[in-house]
Structures are given as structure tokens and as C-alpha cells.
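A.B. asks: Here you go, this is my_file-v9.pdb (PDB, C-alpha atoms).
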ATOM      1  CA  MET A  21      -7.096   5.018 -11.939  1.00  0.00           C
ATOM      2  CA  ILE A  22      -8.166   1.787 -13.559  1.00  0.00           C
ATOM      3  CA  THR A  23     -11.891   1.383 -14.094  1.00  0.00           C
ATOM      4  CA  LEU A  24     -13.056  -2.067 -13.067  1.00  0.00           C
ATOM      5  CA  ARG A  25     -16.316  -3.641 -14.100  1.00  0.00           C
ATOM      6  CA  HIS A  26     -18.257  -4.843 -11.120  1.00  0.00           C
ATOM      7  CA  THR A  27     -18.595  -8.504 -12.086  1.00  0.00           C
ATOM      8  CA  SER A  28     -20.460 -10.943  -9.867  1.00  0.00           C
ATOM      9  CA  GLN A  29     -17.139 -12.609  -9.006  1.00  0.00           C
ATOM     10  CA  ARG A  30     -15.522  -9.334  -7.990  1.00  0.00           C
ATOM     11  CA  GLN A  31     -18.582  -8.344  -5.953  1.00  0.00           C
ATOM     12  CA  ARG A  32     -18.575 -11.698  -4.135  1.00  0.00           C
ATOM     13  CA  ILE A  33     -14.852 -11.358  -3.316  1.00  0.00           C
ATOM     14  CA  LEU A  34     -15.347  -7.807  -2.072  1.00  0.00           C
ATOM     15  CA  PHE A  35     -18.332  -8.856   0.052  1.00  0.00           C
ATOM     16  CA  ALA A  36     -16.464 -11.861   1.511  1.00  0.00           C
ATOM     17  CA  VAL A  37     -13.584  -9.704   2.735  1.00  0.00           C
ATOM     18  CA  LYS A  38     -15.698  -6.769   3.942  1.00  0.00           C
ATOM     19  CA  ALA A  39     -18.044  -9.069   5.884  1.00  0.00           C
ATOM     20  CA  GLU A  40     -15.161 -10.466   7.938  1.00  0.00           C
ATOM     21  CA  LYS A  41     -14.091  -8.609  11.103  1.00  0.00           C
ATOM     22  CA  GLY A  42     -10.508  -9.831  10.987  1.00  0.00           C
ATOM     23  CA  LEU A  43      -7.910 -10.529   8.351  1.00  0.00           C
ATOM     24  CA  LEU A  44      -8.242 -13.182   5.632  1.00  0.00           C
ATOM     25  CA  THR A  45      -5.542 -14.787   3.512  1.00  0.00           C
ATOM     26  CA  ALA A  46      -6.211 -15.192  -0.205  1.00  0.00           C
ATOM     27  CA  ARG A  47      -6.730 -18.913   0.380  1.00  0.00           C
ATOM     28  CA  GLN A  48      -9.366 -18.150   3.044  1.00  0.00           C
ATOM     29  CA  VAL A  49     -11.109 -15.712   0.682  1.00  0.00           C
ATOM     30  CA  LEU A  50     -11.130 -18.414  -1.991  1.00  0.00           C
ATOM     31  CA  ALA A  51     -12.719 -20.905   0.430  1.00  0.00           C
ATOM     32  CA  VAL A  52     -15.434 -18.418   1.440  1.00  0.00           C
ATOM     33  CA  VAL A  53     -16.239 -17.445  -2.153  1.00  0.00           C
ATOM     34  CA  ARG A  54     -16.312 -21.076  -3.307  1.00  0.00           C
ATOM     35  CA  LYS A  55     -19.199 -21.752  -0.920  1.00  0.00           C
ATOM     36  CA  VAL A  56     -21.334 -19.571  -3.193  1.00  0.00           C
ATOM     37  CA  MET A  57     -19.408 -19.865  -6.467  1.00  0.00           C
ATOM     38  CA  PRO A  58     -17.865 -23.360  -6.465  1.00  0.00           C
ATOM     39  CA  ARG A  59     -16.252 -23.012  -9.894  1.00  0.00           C
ATOM     40  CA  ILE A  60     -14.349 -19.770  -9.278  1.00  0.00           C
ATOM     41  CA  GLY A  61     -10.627 -20.160  -9.908  1.00  0.00           C
ATOM     42  CA  ALA A  62      -7.837 -19.304  -7.506  1.00  0.00           C
ATOM     43  CA  ALA A  63      -6.186 -17.032 -10.085  1.00  0.00           C
ATOM     44  CA  THR A  64      -9.424 -15.045 -10.408  1.00  0.00           C
ATOM     45  CA  VAL A  65      -9.549 -14.489  -6.649  1.00  0.00           C
ATOM     46  CA  TYR A  66      -5.864 -13.510  -6.408  1.00  0.00           C
ATOM     47  CA  ARG A  67      -6.070 -11.150  -9.383  1.00  0.00           C
ATOM     48  CA  ASN A  68      -9.226  -9.474  -8.065  1.00  0.00           C
ATOM     49  CA  LEU A  69      -7.787  -9.075  -4.564  1.00  0.00           C
ATOM     50  CA  ASP A  70      -4.816  -7.213  -6.055  1.00  0.00           C
ATOM     51  CA  SER A  71      -7.102  -5.059  -8.229  1.00  0.00           C
ATOM     52  CA  LEU A  72      -9.439  -4.212  -5.348  1.00  0.00           C
ATOM     53  CA  CYS A  73      -6.447  -3.254  -3.164  1.00  0.00           C
ATOM     54  CA  SER A  74      -4.963  -1.030  -5.860  1.00  0.00           C
ATOM     55  CA  ARG A  75      -8.301   0.790  -6.086  1.00  0.00           C
ATOM     56  CA  GLY A  76      -8.512   1.247  -2.299  1.00  0.00           C
ATOM     57  CA  GLU A  77     -11.627  -0.907  -1.894  1.00  0.00           C
ATOM     58  CA  LEU A  78      -9.691  -3.497   0.148  1.00  0.00           C
ATOM     59  CA  PHE A  79      -6.477  -3.258   2.139  1.00  0.00           C
ATOM     60  CA  MET A  80      -3.519  -5.603   2.374  1.00  0.00           C
ATOM     61  CA  VAL A  81      -1.610  -6.326   5.584  1.00  0.00           C
ATOM     62  CA  ASP A  82       1.604  -8.355   5.758  1.00  0.00           C
ATOM     63  CA  GLY A  83       1.048 -11.288   8.106  1.00  0.00           C
ATOM     64  CA  ASP A  84       3.533 -12.469  10.720  1.00  0.00           C
ATOM     65  CA  ASP A  85       4.404 -15.397   8.466  1.00  0.00           C
ATOM     66  CA  GLY A  86       5.024 -13.127   5.464  1.00  0.00           C
ATOM     67  CA  ARG A  87       1.772 -14.004   3.698  1.00  0.00           C
ATOM     68  CA  ARG A  88      -0.535 -11.260   2.549  1.00  0.00           C
ATOM     69  CA  GLN A  89      -3.788 -10.841   4.415  1.00  0.00           C
ATOM     70  CA  TYR A  90      -6.762  -8.767   3.331  1.00  0.00           C
ATOM     71  CA  VAL A  91      -9.270  -6.609   5.159  1.00  0.00           C
ATOM     72  CA  GLY A  92     -12.175  -4.498   3.927  1.00  0.00           C
ATOM     73  CA  HIS A  93     -12.181  -1.802   6.596  1.00  0.00           C
ATOM     74  CA  ALA A  94      -9.785   0.171   8.757  1.00  0.00           C
ATOM     75  CA  TYR A  95      -7.747  -2.324  10.752  1.00  0.00           C
ATOM     76  CA  HIS A  96      -5.427  -1.491  13.616  1.00  0.00           C
ATOM     77  CA  GLU A  97      -3.797  -4.152  15.761  1.00  0.00           C
ATOM     78  CA  ALA A  98      -1.374  -4.131  18.669  1.00  0.00           C
ATOM     79  CA  LEU A  99       0.406  -7.249  19.927  1.00  0.00           C
ATOM     80  CA  PHE A 100       2.618  -7.983  22.911  1.00  0.00           C
ATOM     81  CA  ARG A 101       5.095 -10.877  22.658  1.00  0.00           C
ATOM     82  CA  CYS A 102       6.826 -12.244  25.719  1.00  0.00           C
ATOM     83  CA  GLN A 103      10.483 -12.913  24.916  1.00  0.00           C
ATOM     84  CA  ARG A 104      10.741 -15.622  27.552  1.00  0.00           C
ATOM     85  CA  CYS A 105       7.571 -17.755  27.307  1.00  0.00           C
ATOM     86  CA  LYS A 106       6.761 -16.720  23.700  1.00  0.00           C
ATOM     87  CA  ASN A 107       3.105 -16.012  24.522  1.00  0.00           C
ATOM     88  CA  VAL A 108       1.414 -13.463  22.286  1.00  0.00           C
ATOM     89  CA  ARG A 109      -1.349 -11.257  23.618  1.00  0.00           C
ATOM     90  CA  ARG A 110      -3.528  -9.009  21.497  1.00  0.00           C
ATOM     91  CA  LEU A 111      -3.910  -5.605  23.080  1.00  0.00           C
ATOM     92  CA  ASN A 112      -7.421  -4.262  22.707  1.00  0.00           C
ATOM     93  CA  SER A 113      -7.711  -0.531  22.577  1.00  0.00           C
ATOM     94  CA  LYS A 114     -10.443   1.574  21.063  1.00  0.00           C
ATOM     95  CA  THR A 115      -8.029   4.483  20.952  1.00  0.00           C
ATOM     96  CA  LEU A 116      -5.286   2.717  18.990  1.00  0.00           C
ATOM     97  CA  ASP A 117      -6.573   3.743  15.566  1.00  0.00           C
ATOM     98  CA  ASP A 118      -7.117   7.301  16.802  1.00  0.00           C
ATOM     99  CA  TYR A 119      -3.594   7.392  18.239  1.00  0.00           C
ATOM    100  CA  VAL A 120      -2.047   6.037  15.050  1.00  0.00           C
ATOM    101  CA  GLN A 121      -4.004   8.521  12.967  1.00  0.00           C
ATOM    102  CA  ARG A 122      -3.439  11.716  14.951  1.00  0.00           C
ATOM    103  CA  LYS A 123      -0.284  11.294  16.988  1.00  0.00           C
ATOM    104  CA  MET A 124       1.981   9.224  14.791  1.00  0.00           C
ATOM    105  CA  PHE A 125       1.296  10.293  11.222  1.00  0.00           C
ATOM    106  CA  GLY A 126      -0.670  13.507  11.243  1.00  0.00           C
ATOM    107  CA  PRO A 127      -3.212  14.382   8.551  1.00  0.00           C
ATOM    108  CA  GLN A 128      -2.720  11.250   6.418  1.00  0.00           C
ATOM    109  CA  THR A 129      -5.417   8.577   6.259  1.00  0.00           C
ATOM    110  CA  ILE A 130      -4.056   5.392   7.811  1.00  0.00           C
ATOM    111  CA  MET A 131      -6.246   2.378   7.016  1.00  0.00           C
ATOM    112  CA  THR A 132      -4.138  -0.434   8.491  1.00  0.00           C
ATOM    113  CA  SER A 133      -1.504  -0.545  11.206  1.00  0.00           C
ATOM    114  CA  ARG A 134       0.273  -3.178  13.252  1.00  0.00           C
ATOM    115  CA  LEU A 135       2.169  -2.427  16.408  1.00  0.00           C
ATOM    116  CA  THR A 136       4.227  -5.174  18.049  1.00  0.00           C
ATOM    117  CA  ALA A 137       5.794  -4.703  21.458  1.00  0.00           C
ATOM    118  CA  SER A 138       8.016  -7.270  23.127  1.00  0.00           C
ATOM    119  CA  GLY A 139       9.361  -7.794  26.609  1.00  0.00           C
ATOM    120  CA  LEU A 140       8.406  -9.916  29.599  1.00  0.00           C
ATOM    121  CA  CYS A 141       4.803 -10.704  30.469  1.00  0.00           C
ATOM    122  CA  THR A 142       3.570 -10.301  34.041  1.00  0.00           C
ATOM    123  CA  ALA A 143       4.055 -13.989  34.899  1.00  0.00           C
ATOM    124  CA  CYS A 144       7.633 -14.098  33.559  1.00  0.00           C
ATOM    125  CA  THR A 145       8.478 -10.839  35.337  1.00  0.00           C
ATOM    126  CA  LYS A 146       7.242 -12.308  38.649  1.00  0.00           C
ATOM    127  CA  ARG A 147       9.224 -15.530  38.065  1.00  0.00           C
ATOM    128  CA  LEU A 148      12.435 -13.568  37.486  1.00  0.00           C
ATOM    129  CA  LYS A 149      11.939 -11.478  40.639  1.00  0.00           C
ATOM    130  CA  ARG A 150      11.637 -14.683  42.717  1.00  0.00           C
ATOM    131  CA  LEU A 151      14.999 -15.986  41.476  1.00  0.00           C
TER     132      LEU A 151
END
Could you show the structure in this file as C-alpha cells?

C.D. replies:
Amino acid sequence: MITLRHTSQRQRILFAVKAEKGLLTARQVLAVVRKVMPRIGAATVYRNLDSLCSRGELFMVDGDDGRRQYVGHAYHEALFRCQRCKNVRRLNSKTLDDYVQRKMFGPQTIMTSRLTASGLCTACTKRLKRL
């Protein structure tokens, strides 16, 4: 394992991501950190995000648009996408992380997960039944 010095820049990046409840892109992390450290470079932020992820201090999640997003804590998300109206609904479940951990993967430690289900939402289902 690589030993990293805990520089003020690295600490600020780590704090910025861990303080956020949701996911942040590298560009969003850069914007947050620049509020406190206006002269920090984008390359410094990107390099440190990769280093912190490789050490397990932060976690990377692939976004829907293919861009990397970062989170500083266990993150589990479930989405439902309607195939007809294209609406996306986030499913809130306090048991999702527990389910992912115990039922799907066993004794491994899962820090991030994304589950996407698709079909017809309630409104689209009702519309189809009327036709």
C-alpha cells in the first residue's frame, strides 16, 4: 500500500467529499475546494481523488453519463426508470445496503452499489389499461 502524506490539499479534498451526503464529480470537488483554497489546481484534485480511492478513503461510482463520481461513505442507490415517460424515481430504502451486503454478495464489504430497475410507472400502467 502506498503511504500518502496528509497534505493540507489532500485533507481538504477528503473533507469536501466526506462532508457531502451524495455523489460529487471531480469538477464539483474542485469547486468546493477552491472556495477555501482558490489556487489549487485541477490536476492536484484529480490526482488526489485517484490516490484517496486507491487507499480506500474515498469511493468511486460510475455516473449515468459515464463520468466518475466520488463519495466518502458507504453509498447504495436504487433507481426506477419508466420506459414510456422516461421519468426516473429514486427508491429510498434503509434496507437496501443491508440487502446488498448480506443477500447478494455474502461476507464481502460492499461500499457502493447502484441498482436500476425499469418498466412502467403507475401512471403509464394506468394509461395503458384504459386503452

A.B. asks: Using all atoms listed in the file, determine which residues lie at most 9 Å from Arg30 in chain A, disregarding the query and same-chain residues fewer than 3 positions distant; provide the list as a list in words.

C.D. replies: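 Here the answer would be Arg25, His26, Thr27, Ile33, Leu34, Phe35, Thr64, Val65, Asn68, Leu69 and Leu72 of chain A.
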
A.B. asks: Could you check which of A:Thr145, A:Thr132, A:Ser138, A:Gln103 is closest to Val91 in chain A, using only C-alpha atoms?

C.D. replies: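 When distances to Val91 in chain A are compared using only C-alpha atoms, the smallest one comes from A:Thr132.
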
A.B. asks: What is the distance between CA of Arg67 in chain A and CA of Val37 in chain A, in Å to one decimal?

C.D. replies: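 Separation of CA of Arg67 in chain A and CA of Val37 in chain A: 14.3 Å.
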
A.B. asks: I want to know what sits within 9 Å of range 48-52 of chain A, based on all atoms listed in the file, with residues of the same chain fewer than 6 positions away left out; could you give that as a ChimeraX atom specification?

C.D. replies: /A:33,36-37,58,60-62,65-66,90

A.B. asks: Determine the nearest neighbour of Leu99 in chain A from the options A:Thr136, A:Gln128, A:Ser71, A:Gln29, counting only C-alpha atoms.

C.D. replies: A:Thr136

A.B. asks: Please expand the PyMOL selection byres ((chain A and resi 82) around 12) into the concrete residues it hits in this file, giving the result as a compact mmCIF listing (two decimals) with C-alpha atoms, in the coordinates of the input.

C.D. replies:
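What follows is the written file result_21.txt:
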# COMPACT_ATOMS: atom_id res chain seq x y z
CA LEU A 43 -7.91 -10.53 8.35
CA LEU A 44 -8.24 -13.18 5.63
CA THR A 45 -5.54 -14.79 3.51
CA ALA A 46 -6.21 -15.19 -0.20
CA PHE A 79 -6.48 -3.26 2.14
CA MET A 80 -3.52 -5.60 2.37
CA VAL A 81 -1.61 -6.33 5.58
CA GLY A 83 1.05 -11.29 8.11
CA ASP A 84 3.53 -12.47 10.72
CA ASP A 85 4.40 -15.40 8.47
CA GLY A 86 5.02 -13.13 5.46
CA ARG A 87 1.77 -14.00 3.70
CA ARG A 88 -0.54 -11.26 2.55
CA GLN A 89 -3.79 -10.84 4.42
CA TYR A 90 -6.76 -8.77 3.33
CA VAL A 91 -9.27 -6.61 5.16
CA THR A 132 -4.14 -0.43 8.49
CA SER A 133 -1.50 -0.55 11.21
CA ARG A 134 0.27 -3.18 13.25
